Amino acid sequence: MRFTIEHIEELIFDYHEGNLSEAEKAKVLNLIHQYPEYAAEFTLWAQTYAHVDNVLPDYGLTENLIHQPVLAVTNWYNTTWAKLGVLSSALLIAVVSFYIFGNNENTKPTANTIVINPVVEKGETSAIVTSKSNKIESKKLVNKSTENKIKTIDNQIVNTISAPLSTPNIEQEKQIETHHEKVVLVPQVEEVSKVDSNSVSETKNADPKAENDSPKKNKKKKSFNFKPSTNFIPVNTDF
Amino acid sequence: MRFILIALFSILGNIVLAQVPFNQVNQQPLLMSSSMAGAKNSKRICLSFNNFSGNNNHLNIGLSFDKMSKSLASGIGFYSLFSKNQFNKMSSEVLSNFKTDKTYFTNQNSIVAGVCIAPKYSIKSKTNPNKNWLTFSPSIFVEGNVFTNNLIANNKLIDYNRVVYSTQNPTGIQQKDSTISNYTSNTIAEKTIKYGLGFLLNTDKLLLVYKGSFENSFINEDIILSNYNVTSQRFNFNNYNQHHSLHAIQQTVHFGYSLKKSEESPLSVTPLLGIGYKRYINLDNSIPNDTLIYGQSLISKNESEINYTHASLNIKYAKILLGCSYTDCYNTSLSAISIGYQGKKMKTVCNIAKTNNSIIGFELATNFYWN
């Protein structure tokens, strides 16, 4: 190709098409510098490009470009963290199962068992056996005939008051004394908060000897119980 | 040949991935914290719905159920969240920035489901041992999330070295027909497993909840670059595929207090504040090679950021609720005013919200209680 003014148009075209080397481009620029009348044409060529409508052309492939999401990631379940997640879920299920099936044995009161409601008072421990249905009956039981009963159960001295499930029965009390019926502790959470203060005080007054002789390992009042409880403060209704 | 890369503005970290994509965050308590399960000491169903329509569409539906189990002395709960986002922006301009929001169309879907258990513990008052002073409830939860994102963008890669010099333009003129690609298609499928702890501290007026989770995400991304050659009138397609596994820690705290003059007063004022922080442990969103430069799943994420803030003020008079709230999730903010009704067995709140993009939306949240 000859770099002469006769071929200037062809040279300008090749320049913008990228068909020239760097040296050849320099020659073209020198040629235009020698003939300034071609500078305007050179500039116009530089600004020329394929016209595309401003409207985004529809190539008809928009739908084809959308791939279905690949949801299956190869071997994700074989990673350590996935196994740890499965283990955590199994542990959660085991804990829940333990609570459901593991804490119900030997806690249901039978017909011949004494139900004791543990009441934790400040500075001392005492036990009151109350009847579920009738508080008056429990008051009656806190009487002179029972106030001196002191039993030793599992090396713990507790104040026991016999509480029949239906009506006061002296014979049952005697049986209890002689045969040492099994004493079962059943947490009566609802009853605890509703314990009549009078009954508590009567219990105290009814058996002062037991209090004085109670073991010195009275448990200190705990402000936090590690056992979950249904007796809690619900979240305010404003939230 | 030197390219100036043009990437898409990523919208992956938007409100769809927020912890609680609702203005009334306390109406979806299990999304706030798993320790809220059973916190009302009754059975509860929570339904939440919000929709923002405009050039972009956002839809979120939340459903949860929780109850107090007396045998376990714990709250148990189940929750789920469905989110859908569509972004429609069209542009035929030349994109010259590294990140830009000139996308063509984006469709996102996300499904979240989780279970939790929260035992309740009472802390007694020192002056009155028969009275509860504080309730403490730790909890554990497991949550799964499936997220898909389909994106098509008008994305042009231009060779800026093609500059033409002339006597009239000594600084050079850029040629505009040196287009490398016309379209980019990204399809992202992300599966996330979350497990963690929650804590609740409350009195009859105070509420403090915490949720901390460890997230493990598995990401698969398909990328297609298409280039239309005007001269030859043919398409060229280049396919890429990326796999990533990301680990992150997300922590969220909410604090609220109910102000009331007296127990008999019908008027109460309840402010609620929340903040969330997320940190990726193994994120490396630098661009080491040409393949990753077209991807969105990594560059859309920040290594650590405060991704959630919330402030609301609710006023209750008798059974009427009024309130206002502000929520910021991944740089998308929602400002809302609300009105509602609260009875013994039902609480329903309606919100009118506005995003920082001036999109008006509607939100409805309803809770049902029974024993």
# chains A, B, ... in the order shown; residues from 1 in each chain; ligands from 1

$ interface_residues --of "chain B" --to "chain A" --cutoff "7 Å" --atoms "only C-alpha atoms" --output "NGL selection string"
:B and (26 or 39-41 or 70-73 or 92 or 119-126 or 130 or 132 or 134-135 or 148 or 150 or 164 or 166-167 or 175-177 or 185 or 187-189 or 202-205 or 220 or 258 or 270)

$ atom_distance --atom1 "CA of Lys354 in chain B" --atom2 "CA of Phe52 in chain B"
8.4 Å

$ atom_distance --atom1 "CA of Tyr317 in chain B" --atom2 "CA of Phe49 in chain B"
24.5 Å

$ residues_around --residues "range 327-341 of chain B" --least-positions-apart "4" --cutoff "6 Å" --atoms "only C-alpha atoms" --output "NGL selection string"
:B and (13-15 or 18 or 307-310 or 319-323 or 347-356)

$ residues_around --residues "Ile61 in chain B" --least-positions-apart "5" --cutoff "10 Å" --atoms "only C-alpha atoms" --output "MDAnalysis selection string"
chainID B and resid 21:22 47:51 80:84 111 363:365

$ write_last_selection --atoms "N, CA, C and O atoms" --output "tab-separated table (two decimals), in the first residue's frame"
chain	number	residue	atom	x	y	z
B	21	PRO	N	-37.55	-8.76	57.64
B	21	PRO	CA	-37.89	-7.80	56.59
B	21	PRO	C	-39.25	-7.17	56.77
B	21	PRO	O	-39.99	-6.93	55.81
B	22	PHE	N	-39.62	-6.92	58.01
B	22	PHE	CA	-40.90	-6.29	58.30
B	22	PHE	C	-40.67	-5.09	59.19
B	22	PHE	O	-39.74	-5.05	59.98
B	47	LEU	N	-48.86	-13.94	61.56
B	47	LEU	CA	-48.89	-13.81	60.10
B	47	LEU	C	-48.45	-12.40	59.73
B	47	LEU	O	-48.97	-11.44	60.29
B	48	SER	N	-47.52	-12.28	58.80
B	48	SER	CA	-47.05	-10.97	58.35
B	48	SER	C	-46.95	-10.97	56.84
B	48	SER	O	-46.55	-11.96	56.23
B	49	PHE	N	-47.27	-9.82	56.28
B	49	PHE	CA	-47.28	-9.69	54.83
B	49	PHE	C	-46.91	-8.26	54.48
B	49	PHE	O	-47.43	-7.32	55.07
B	50	ASN	N	-45.98	-8.08	53.55
B	50	ASN	CA	-45.74	-6.74	53.05
B	50	ASN	C	-45.43	-6.79	51.57
B	50	ASN	O	-44.96	-7.80	51.04
B	51	ASN	N	-45.74	-5.68	50.90
B	51	ASN	CA	-45.59	-5.63	49.45
B	51	ASN	C	-45.24	-4.21	49.05
B	51	ASN	O	-45.91	-3.25	49.45
B	80	SER	N	-41.41	-19.58	59.34
B	80	SER	CA	-41.04	-19.62	57.93
B	80	SER	C	-41.20	-18.23	57.33
B	80	SER	O	-41.98	-17.42	57.81
B	81	LEU	N	-40.44	-18.00	56.27
B	81	LEU	CA	-40.44	-16.69	55.61
B	81	LEU	C	-40.24	-16.90	54.12
B	81	LEU	O	-39.35	-17.63	53.71
B	82	PHE	N	-41.09	-16.27	53.34
B	82	PHE	CA	-40.98	-16.33	51.88
B	82	PHE	C	-40.78	-14.91	51.36
B	82	PHE	O	-41.52	-14.00	51.73
B	83	SER	N	-39.78	-14.72	50.52
B	83	SER	CA	-39.49	-13.39	49.99
B	83	SER	C	-39.31	-13.47	48.49
B	83	SER	O	-38.75	-14.44	47.97
B	84	LYS	N	-39.78	-12.43	47.82
B	84	LYS	CA	-39.66	-12.36	46.37
B	84	LYS	C	-39.33	-10.92	46.00
B	84	LYS	O	-39.99	-9.99	46.47
B	111	ILE	N	-36.63	-18.71	50.53
B	111	ILE	CA	-37.50	-19.43	51.47
B	111	ILE	C	-36.67	-19.76	52.70
B	111	ILE	O	-35.58	-20.31	52.59
B	363	GLU	N	-48.02	-3.03	54.64
B	363	GLU	CA	-47.66	-4.19	55.47
B	363	GLU	C	-48.80	-4.48	56.44
B	363	GLU	O	-49.40	-3.56	56.99
B	364	LEU	N	-49.09	-5.75	56.60
B	364	LEU	CA	-50.13	-6.18	57.53
B	364	LEU	C	-49.57	-7.31	58.39
B	364	LEU	O	-49.00	-8.27	57.86
B	365	ALA	N	-49.71	-7.17	59.69
B	365	ALA	CA	-49.22	-8.21	60.60
B	365	ALA	C	-50.30	-8.51	61.62
B	365	ALA	O	-50.88	-7.58	62.21

$ atom_distance --atom1 "CA of Leu151 in chain B" --atom2 "CA of Lys191 in chain B"
17.7 Å
